Number of protein chains: 2
Amino acid sequence: MPCLYHFSLDPYARRMRLALAEYGIEATYQEERPWQPSQALLALNPSGPAGLTPIYVEDNGAAVCGAEALTEYLEETSDGSSQLLPGTALQRAEIRRLVAWFDVKFYAEVTEPVLTERVIRRFVAAANGSSAPDPARVRAASSNIRPHLGYVSYLAEQQSWLAGSELSLADLAAAAHLSALDYLGFVPWGDYPLVQTWFGRIKSRPSFRILLADHIPGVGAEGAISDQYF
Amino acid sequence: MPCLYHFSLDPYARRMRLALAEYGIEATYQEERPWQPSQALLALNPSGPAGLTPIYVEDNGAAVCGAEALTEYLEETSDGSSQLLPGTALQRAEIRRLVAWFDVKFYAEVTEPVLTERVIRRFVAAANGSSAPDPARVRAASSNIRPHLGYVSYLAEQQSWLAGSELSLADLAAAAHLSALDYLGFVPWGDYPLVQTWFGRIKSRPSFRILLADHIPGVGAEGAISDQYF
C-alpha cells in the first residue's frame with residue numbers, strides 16, 4: 001500500500017489526504033514533523049530536510065515529493081473515475097490559479113503565521129526551551145483572513161463549487177487551509193455564512209472523514225485555544 | 001497575438017518567457033510593476049492586486065493567471081512539437097518537484113530577499129521616499145545561495161539536464177532564478193563550474209535571447225552593483 005509522509009496540520013498534506021480519498025486510493029499515513037525530520041524522511045528527500053513534505057511513496061519504492069508534483073501525478077495516474085482537474089484547459093487553469101492563490105497568498109498571510117506561532121513554536125520550544133510565539137504575527141493573520149474569506153464568499157456565491165460546477169482541487173485546497181485553521185478555532189465562520197455553507201458541504205463528503213479523525217497531541221482544538229493573542 | 005503581463009526580473013515571469021519561446025509561441029510583452037499595478041492588470045486579475053503576475057491573455061481575451069496555472073496550460077495546449085514536461089508520470093513528477101524547489105525554497109531563501117532589497121525597495125522608495133534596504137537579508141541570501149548551487153551542481157553532474165536527459169521546465173525554472181540574480185551580479189559562478197557549464201548551455205539556446213535583451217531602467221547590471229551589502 002502506498003504511504004504518505006505528512007504533518008497533520010500542514011495544509012498541503014491535508015489537500016493530498018483529501019485528494020487520495022477522493023481518488024479512492026488507500027494509503028497508510030506516517031506522521032512527520034518537518035522541522036525535526038525522521039531518518040526515513042531524510043532518506044526519501046533528495047534535496048535536504050526543509051519544506052518538502054508531503055512525500056508519497058508507491059509500493060515499488062518510487063517517491064513523489066511535494067504537493068505540486070503529487071497533485072498532478074495523482075491526476076495523471078488516476079483511472080479517470082474521479083477527476084479533480086475537470087474541464088477544458090482554461091477551466092483547469094482557473095482551478096490551478098485558485099490552488100496557487102491558497103498555497104502562496106493565503107498561506108503566507110494567514111495559515112503560515114498561525115501554524116508557526118500557535119503550533120510549531122510550541123514543539124520547537126519544547127525541544128530547545130526557547131521561541132515564544134509572536135502575537136503580532138497572529139493578530140495580522142487574524143485581520144488578513146477577513147478579506148480573503150470575503151473573496152471565498154464571492155466565489156461560493158457564483159457557482160456550486162469554488163472553481164465551477166464541479167468539485168475540484170480548488171475546493172480541496174481551500175478546505176485544507178480552512179480546516180487546519182478551524183482545528184485551531186481561527187475561522188470567524190459566523191461572519192461568512194456562504195463560506196460556512198460551502199464548508200459544510202465539503203465537510204460532509206466521505207473523503208473528509210480522514211481529517212475529522214485528526215488529533216494532534218499537545219495541540220488543543222477549539223475549546224482549548226488561549227485568548228492571549230486576540 | 002497573445003500578451004504576457006510581467007515584471008522583467010520576476011523569476012516566475014522569466015520562466016514563462018523562456019517557455020513561450022521554447023514552445024515557439026509569439027507573444028507581446030507588457031512590463032508591469034506588481035507592487036504598483038496598472039489598471040489593465042487590476043482588471044485582468046480577479047483576486048486582487050498582489051502577487052499574481054504573470055498573466056497571459058489569449059487573442060480572444062481569455063486570461064490565465066499565475067505561473068503554476070500557465071505552465072500547465074501551455075503544455076496542455078501546445079501542439080506537441082515541444083514538450084517541457086517530457087517522460088512518464090514519475091519523470092514529470094521529478095520535473096515538478098524541482099520547479100517547486102526553485103519557486104518555493106530557492107525563492108524564499110535567495111531570490112526574494114535579493115530582488116526585494118536590491119530592486120523593489122528602490123522603486124518603492126522612489127515612490128514614497130522610504131524603505132532603506134536591509135543588508136542582513138542580502139547577506140543571508142548570499143550565504144544561502146551556496147549550498148543551493150551545490151545541489152544544482154550535483155544535479156548537473158548526474159544527467160545532461162537538471163531533471164533528466166531532456167531539457168525541461170526544471171532547467172527553465174533554474175535559469176529563470178539564476179539569470180535574474182546574474183543580472184544583479186549575485187551568482188558566484190567561479191565556485192560552481194558545473195552550474196556555470198550548464199548555464200552556458202541553456203544561455204546559448206535561441207529561447208534565451210528574450211532575456212538577454214532585458215534592460216530594467218534604474219537597475220544596474222553587474223558593473224553597477226554597489227558593494228555596500230557584502
# chains A, B, ... in the order shown; residues from 1 in each chain; ligands from 1
>>> residues_around(residues="region 190-195 of chain A", least_positions_apart="4", cutoff="9 Å", atoms="only C-alpha atoms", output="count of residues only")
10
>>> closest_atom_pairs(of="chain A", to="chain B", cutoff="8 Å", atoms="only C-alpha atoms", output="Markdown table")
| residue | atom | partner | partner_atom | distance |
| --- | --- | --- | --- | --- |
| A:Ser47 | CA | B:Tyr151 | CA | 7.2 |
| A:Gly51 | CA | B:Lys105 | CA | 7.4 |
| A:Ala62 | CA | B:Leu90 | CA | 7.9 |
| A:Val64 | CA | B:Ala93 | CA | 6.3 |
| A:Cys65 | CA | B:Arg97 | CA | 6.1 |
| A:Gly66 | CA | B:Arg97 | CA | 6.2 |
| A:Glu68 | CA | B:Arg96 | CA | 6.7 |
| A:Ala69 | CA | B:Ala93 | CA | 4.8 |
| A:Leu70 | CA | B:Ala93 | CA | 6.8 |
| A:Glu72 | CA | B:Ala93 | CA | 7.5 |
| A:Tyr73 | CA | B:Ala89 | CA | 5.9 |
| A:Glu76 | CA | B:Ala89 | CA | 6.6 |
| A:Thr77 | CA | B:Ala89 | CA | 7.0 |
| A:Ala89 | CA | B:Tyr73 | CA | 5.9 |
| A:Leu90 | CA | B:Tyr73 | CA | 7.2 |
| A:Arg92 | CA | B:Tyr73 | CA | 7.7 |
| A:Ala93 | CA | B:Ala69 | CA | 4.8 |
| A:Glu94 | CA | B:Ala69 | CA | 7.2 |
| A:Ile95 | CA | B:Ala69 | CA | 7.9 |
| A:Arg96 | CA | B:Ala69 | CA | 5.0 |
| A:Arg97 | CA | B:Ala69 | CA | 5.4 |
| A:Ala100 | CA | B:Glu68 | CA | 6.9 |
| A:Lys105 | CA | B:Gly51 | CA | 7.4 |
| A:Tyr151 | CA | B:Ser47 | CA | 7.2 |
>>> write_last_selection(atoms="N, CA and C atoms", output="CSV table (one decimal), in the first residue's frame")
chain,number,residue,atom,x,y,z
A,47,SER,N,16.6,16.5,-1.7
A,47,SER,CA,17.1,17.9,-1.7
A,47,SER,C,17.2,18.5,-0.3
A,51,GLY,N,11.1,21.7,4.2
A,51,GLY,CA,10.0,22.2,3.4
A,51,GLY,C,9.4,21.2,2.4
A,62,ALA,N,9.0,4.0,-5.4
A,62,ALA,CA,9.1,5.3,-6.1
A,62,ALA,C,8.5,6.4,-5.3
A,64,VAL,N,7.3,10.5,-4.7
A,64,VAL,CA,6.9,11.7,-5.3
A,64,VAL,C,6.9,12.8,-4.2
A,65,CYS,N,7.7,13.8,-4.4
A,65,CYS,CA,7.9,14.8,-3.3
A,65,CYS,C,7.2,16.1,-3.6
A,66,GLY,N,6.5,16.6,-2.6
A,66,GLY,CA,5.9,17.9,-2.7
A,66,GLY,C,4.5,17.9,-3.3
A,68,GLU,N,2.8,20.1,-5.2
A,68,GLU,CA,2.6,20.5,-6.6
A,68,GLU,C,2.8,19.2,-7.5
A,69,ALA,N,4.0,18.5,-7.3
A,69,ALA,CA,4.2,17.3,-8.1
A,69,ALA,C,3.2,16.2,-7.9
A,70,LEU,N,2.8,16.0,-6.6
A,70,LEU,CA,1.9,14.9,-6.3
A,70,LEU,C,0.5,15.2,-6.8
A,72,GLU,N,-0.4,16.7,-9.5
A,72,GLU,CA,-0.5,16.4,-11.0
A,72,GLU,C,-0.3,14.9,-11.2
A,73,TYR,N,0.6,14.3,-10.4
A,73,TYR,CA,0.9,12.9,-10.5
A,73,TYR,C,-0.4,12.0,-10.3
A,76,GLU,N,-2.7,12.4,-13.2
A,76,GLU,CA,-2.2,11.7,-14.4
A,76,GLU,C,-2.3,10.2,-14.3
A,77,THR,N,-2.2,9.7,-13.1
A,77,THR,CA,-2.2,8.2,-12.9
A,77,THR,C,-3.5,7.6,-12.4
A,89,ALA,N,-8.8,23.2,-20.9
A,89,ALA,CA,-7.5,23.7,-20.4
A,89,ALA,C,-7.7,25.0,-19.7
A,90,LEU,N,-8.6,25.8,-20.1
A,90,LEU,CA,-8.8,27.1,-19.5
A,90,LEU,C,-9.5,26.9,-18.1
A,92,ARG,N,-9.2,24.2,-16.3
A,92,ARG,CA,-8.1,23.7,-15.4
A,92,ARG,C,-7.1,24.8,-14.9
A,93,ALA,N,-6.9,25.8,-15.8
A,93,ALA,CA,-6.0,26.9,-15.4
A,93,ALA,C,-6.7,27.7,-14.3
A,94,GLU,N,-8.0,27.8,-14.3
A,94,GLU,CA,-8.7,28.5,-13.2
A,94,GLU,C,-8.6,27.7,-11.9
A,95,ILE,N,-8.7,26.4,-12.0
A,95,ILE,CA,-8.5,25.6,-10.8
A,95,ILE,C,-7.1,25.8,-10.2
A,96,ARG,N,-6.1,25.7,-11.1
A,96,ARG,CA,-4.7,25.8,-10.6
A,96,ARG,C,-4.4,27.2,-10.1
A,97,ARG,N,-5.0,28.3,-10.7
A,97,ARG,CA,-4.9,29.6,-10.2
A,97,ARG,C,-5.4,29.7,-8.8
A,100,ALA,N,-3.1,27.9,-6.3
A,100,ALA,CA,-1.9,28.7,-6.1
A,100,ALA,C,-2.2,29.9,-5.2
A,105,LYS,N,-0.6,32.9,-1.5
A,105,LYS,CA,-1.0,34.1,-0.8
A,105,LYS,C,-1.7,33.9,0.5
A,151,TYR,N,-13.4,37.0,-0.3
A,151,TYR,CA,-13.2,36.5,-1.7
A,151,TYR,C,-13.7,35.1,-1.9
>>> select_by_dssp(residues="region 36-211 of chain A", states="alpha helix (DSSP H)", output="ChimeraX atom specification")
/A:39-44,67-77,89-100,112-115,121-128,135-158,169-183,193-203,209-211
>>> residues_around(residues="region 26-38 of chain B", least_positions_apart="5", cutoff="12 Å", atoms="only C-alpha atoms", output="PyMOL selection string")
chain B and resi 1-10+13-14+16-21+43-45+48-59+116+119-125+127-128+207+210-211+214-217
>>> atom_distance(atom1="CA of Leu115 (chain B)", atom2="CA of Leu181 (chain B)")
8.0 Å
>>> select_by_dssp(residues="region 57-212 of chain A", states="strand (DSSP E)", output="ChimeraX atom specification")
/A:57,63-65
>>> residues_around(residues="Ser81 (chain B)", least_positions_apart="5", cutoff="10 Å", atoms="only C-alpha atoms", output="PyMOL selection string")
chain B and resi 22-24
>>> closest_residue(among="B:Glu166, B:Glu109, B:Asp171, B:Asp182", to="Arg139 (chain B)", atoms="only C-alpha atoms")
B:Glu109
>>> atom_distance(atom1="CA of Leu169 (chain B)", atom2="CA of Val110 (chain A)")
29.7 Å
>>> atom_distance(atom1="CA of Pro188 (chain A)", atom2="CA of Pro147 (chain A)")
11.7 Å
>>> decode(residues="region 13-96 of chain A", atoms="C-alpha atoms", output="PDB file, in the first residue's frame")
ATOM      1  CA  ALA A  13      -0.548  17.473   3.128  1.00  0.00           C
ATOM      2  CA  ARG A  14      -4.210  17.875   4.074  1.00  0.00           C
ATOM      3  CA  ARG A  15      -5.059  18.559   0.420  1.00  0.00           C
ATOM      4  CA  MET A  16      -3.174  15.400  -0.549  1.00  0.00           C
ATOM      5  CA  ARG A  17      -5.082  13.329   2.028  1.00  0.00           C
ATOM      6  CA  LEU A  18      -8.373  14.671   0.699  1.00  0.00           C
ATOM      7  CA  ALA A  19      -7.258  14.036  -2.902  1.00  0.00           C
ATOM      8  CA  LEU A  20      -6.204  10.451  -2.170  1.00  0.00           C
ATOM      9  CA  ALA A  21      -9.591   9.795  -0.578  1.00  0.00           C
ATOM     10  CA  GLU A  22     -11.446  11.426  -3.496  1.00  0.00           C
ATOM     11  CA  TYR A  23      -9.491   9.273  -5.987  1.00  0.00           C
ATOM     12  CA  GLY A  24     -10.313   6.216  -3.865  1.00  0.00           C
ATOM     13  CA  ILE A  25      -6.647   5.406  -3.239  1.00  0.00           C
ATOM     14  CA  GLU A  26      -5.992   3.564   0.008  1.00  0.00           C
ATOM     15  CA  ALA A  27      -2.768   4.591   1.670  1.00  0.00           C
ATOM     16  CA  THR A  28      -1.032   4.449   5.000  1.00  0.00           C
ATOM     17  CA  TYR A  29      -0.066   7.685   6.710  1.00  0.00           C
ATOM     18  CA  GLN A  30       3.178   8.369   8.518  1.00  0.00           C
ATOM     19  CA  GLU A  31       3.100  11.425  10.773  1.00  0.00           C
ATOM     20  CA  GLU A  32       6.206  13.622  10.491  1.00  0.00           C
ATOM     21  CA  ARG A  33       7.359  16.881  11.979  1.00  0.00           C
ATOM     22  CA  PRO A  34       9.083  18.526   9.025  1.00  0.00           C
ATOM     23  CA  TRP A  35      11.185  20.767  11.302  1.00  0.00           C
ATOM     24  CA  GLN A  36      12.554  17.616  13.001  1.00  0.00           C
ATOM     25  CA  PRO A  37      12.512  15.058  10.183  1.00  0.00           C
ATOM     26  CA  SER A  38      12.879  11.323  10.766  1.00  0.00           C
ATOM     27  CA  GLN A  39      15.705   9.353   9.156  1.00  0.00           C
ATOM     28  CA  ALA A  40      13.133   7.742   6.866  1.00  0.00           C
ATOM     29  CA  LEU A  41      12.026  11.161   5.614  1.00  0.00           C
ATOM     30  CA  LEU A  42      15.583  12.405   5.107  1.00  0.00           C
ATOM     31  CA  ALA A  43      16.429   9.296   3.103  1.00  0.00           C
ATOM     32  CA  LEU A  44      13.417   9.855   0.840  1.00  0.00           C
ATOM     33  CA  ASN A  45      14.021  13.519   0.162  1.00  0.00           C
ATOM     34  CA  PRO A  46      16.880  14.136  -2.227  1.00  0.00           C
ATOM     35  CA  SER A  47      17.141  17.892  -1.701  1.00  0.00           C
ATOM     36  CA  GLY A  48      17.564  18.249   2.018  1.00  0.00           C
ATOM     37  CA  PRO A  49      15.407  18.310   5.108  1.00  0.00           C
ATOM     38  CA  ALA A  50      13.394  21.514   4.744  1.00  0.00           C
ATOM     39  CA  GLY A  51       9.967  22.159   3.409  1.00  0.00           C
ATOM     40  CA  LEU A  52       9.326  19.216   1.199  1.00  0.00           C
ATOM     41  CA  THR A  53       6.704  17.125   2.912  1.00  0.00           C
ATOM     42  CA  PRO A  54       4.337  15.661   1.897  1.00  0.00           C
ATOM     43  CA  ILE A  55       6.145  12.746   0.258  1.00  0.00           C
ATOM     44  CA  TYR A  56       4.198   9.911  -1.306  1.00  0.00           C
ATOM     45  CA  VAL A  57       5.865   6.520  -1.700  1.00  0.00           C
ATOM     46  CA  GLU A  58       4.475   3.932  -4.085  1.00  0.00           C
ATOM     47  CA  ASP A  59       4.593   0.190  -3.341  1.00  0.00           C
ATOM     48  CA  ASN A  60       7.636  -0.154  -5.585  1.00  0.00           C
ATOM     49  CA  GLY A  61       9.507   2.499  -3.594  1.00  0.00           C
ATOM     50  CA  ALA A  62       9.112   5.311  -6.144  1.00  0.00           C
ATOM     51  CA  ALA A  63       8.752   8.601  -4.276  1.00  0.00           C
ATOM     52  CA  VAL A  64       6.900  11.748  -5.310  1.00  0.00           C
ATOM     53  CA  CYS A  65       7.949  14.815  -3.307  1.00  0.00           C
ATOM     54  CA  GLY A  66       5.887  17.921  -2.718  1.00  0.00           C
ATOM     55  CA  ALA A  67       2.246  18.866  -3.133  1.00  0.00           C
ATOM     56  CA  GLU A  68       2.644  20.452  -6.602  1.00  0.00           C
ATOM     57  CA  ALA A  69       4.233  17.331  -8.104  1.00  0.00           C
ATOM     58  CA  LEU A  70       1.925  14.927  -6.263  1.00  0.00           C
ATOM     59  CA  THR A  71      -1.244  16.790  -7.264  1.00  0.00           C
ATOM     60  CA  GLU A  72      -0.516  16.370 -10.956  1.00  0.00           C
ATOM     61  CA  TYR A  73       0.904  12.852 -10.532  1.00  0.00           C
ATOM     62  CA  LEU A  74      -2.282  11.574  -8.899  1.00  0.00           C
ATOM     63  CA  GLU A  75      -4.453  13.136 -11.610  1.00  0.00           C
ATOM     64  CA  GLU A  76      -2.240  11.709 -14.390  1.00  0.00           C
ATOM     65  CA  THR A  77      -2.155   8.202 -12.936  1.00  0.00           C
ATOM     66  CA  SER A  78      -5.768   8.017 -11.744  1.00  0.00           C
ATOM     67  CA  ASP A  79      -8.105   5.625 -13.535  1.00  0.00           C
ATOM     68  CA  GLY A  80     -10.280   8.540 -14.612  1.00  0.00           C
ATOM     69  CA  SER A  81     -13.276   7.640 -12.459  1.00  0.00           C
ATOM     70  CA  SER A  82     -12.605  10.729 -10.308  1.00  0.00           C
ATOM     71  CA  GLN A  83     -11.148  13.913 -11.686  1.00  0.00           C
ATOM     72  CA  LEU A  84     -10.007  16.804  -9.554  1.00  0.00           C
ATOM     73  CA  LEU A  85      -8.903  18.937 -12.514  1.00  0.00           C
ATOM     74  CA  PRO A  86     -12.045  18.674 -14.657  1.00  0.00           C
ATOM     75  CA  GLY A  87     -12.873  20.699 -17.736  1.00  0.00           C
ATOM     76  CA  THR A  88     -11.097  22.451 -20.589  1.00  0.00           C
ATOM     77  CA  ALA A  89      -7.500  23.691 -20.445  1.00  0.00           C
ATOM     78  CA  LEU A  90      -8.839  27.105 -19.464  1.00  0.00           C
ATOM     79  CA  GLN A  91     -11.052  25.697 -16.699  1.00  0.00           C
ATOM     80  CA  ARG A  92      -8.095  23.674 -15.416  1.00  0.00           C
ATOM     81  CA  ALA A  93      -6.037  26.880 -15.416  1.00  0.00           C
ATOM     82  CA  GLU A  94      -8.666  28.530 -13.220  1.00  0.00           C
ATOM     83  CA  ILE A  95      -8.528  25.607 -10.770  1.00  0.00           C
ATOM     84  CA  ARG A  96      -4.717  25.832 -10.620  1.00  0.00           C
TER      85      ARG A  96
END
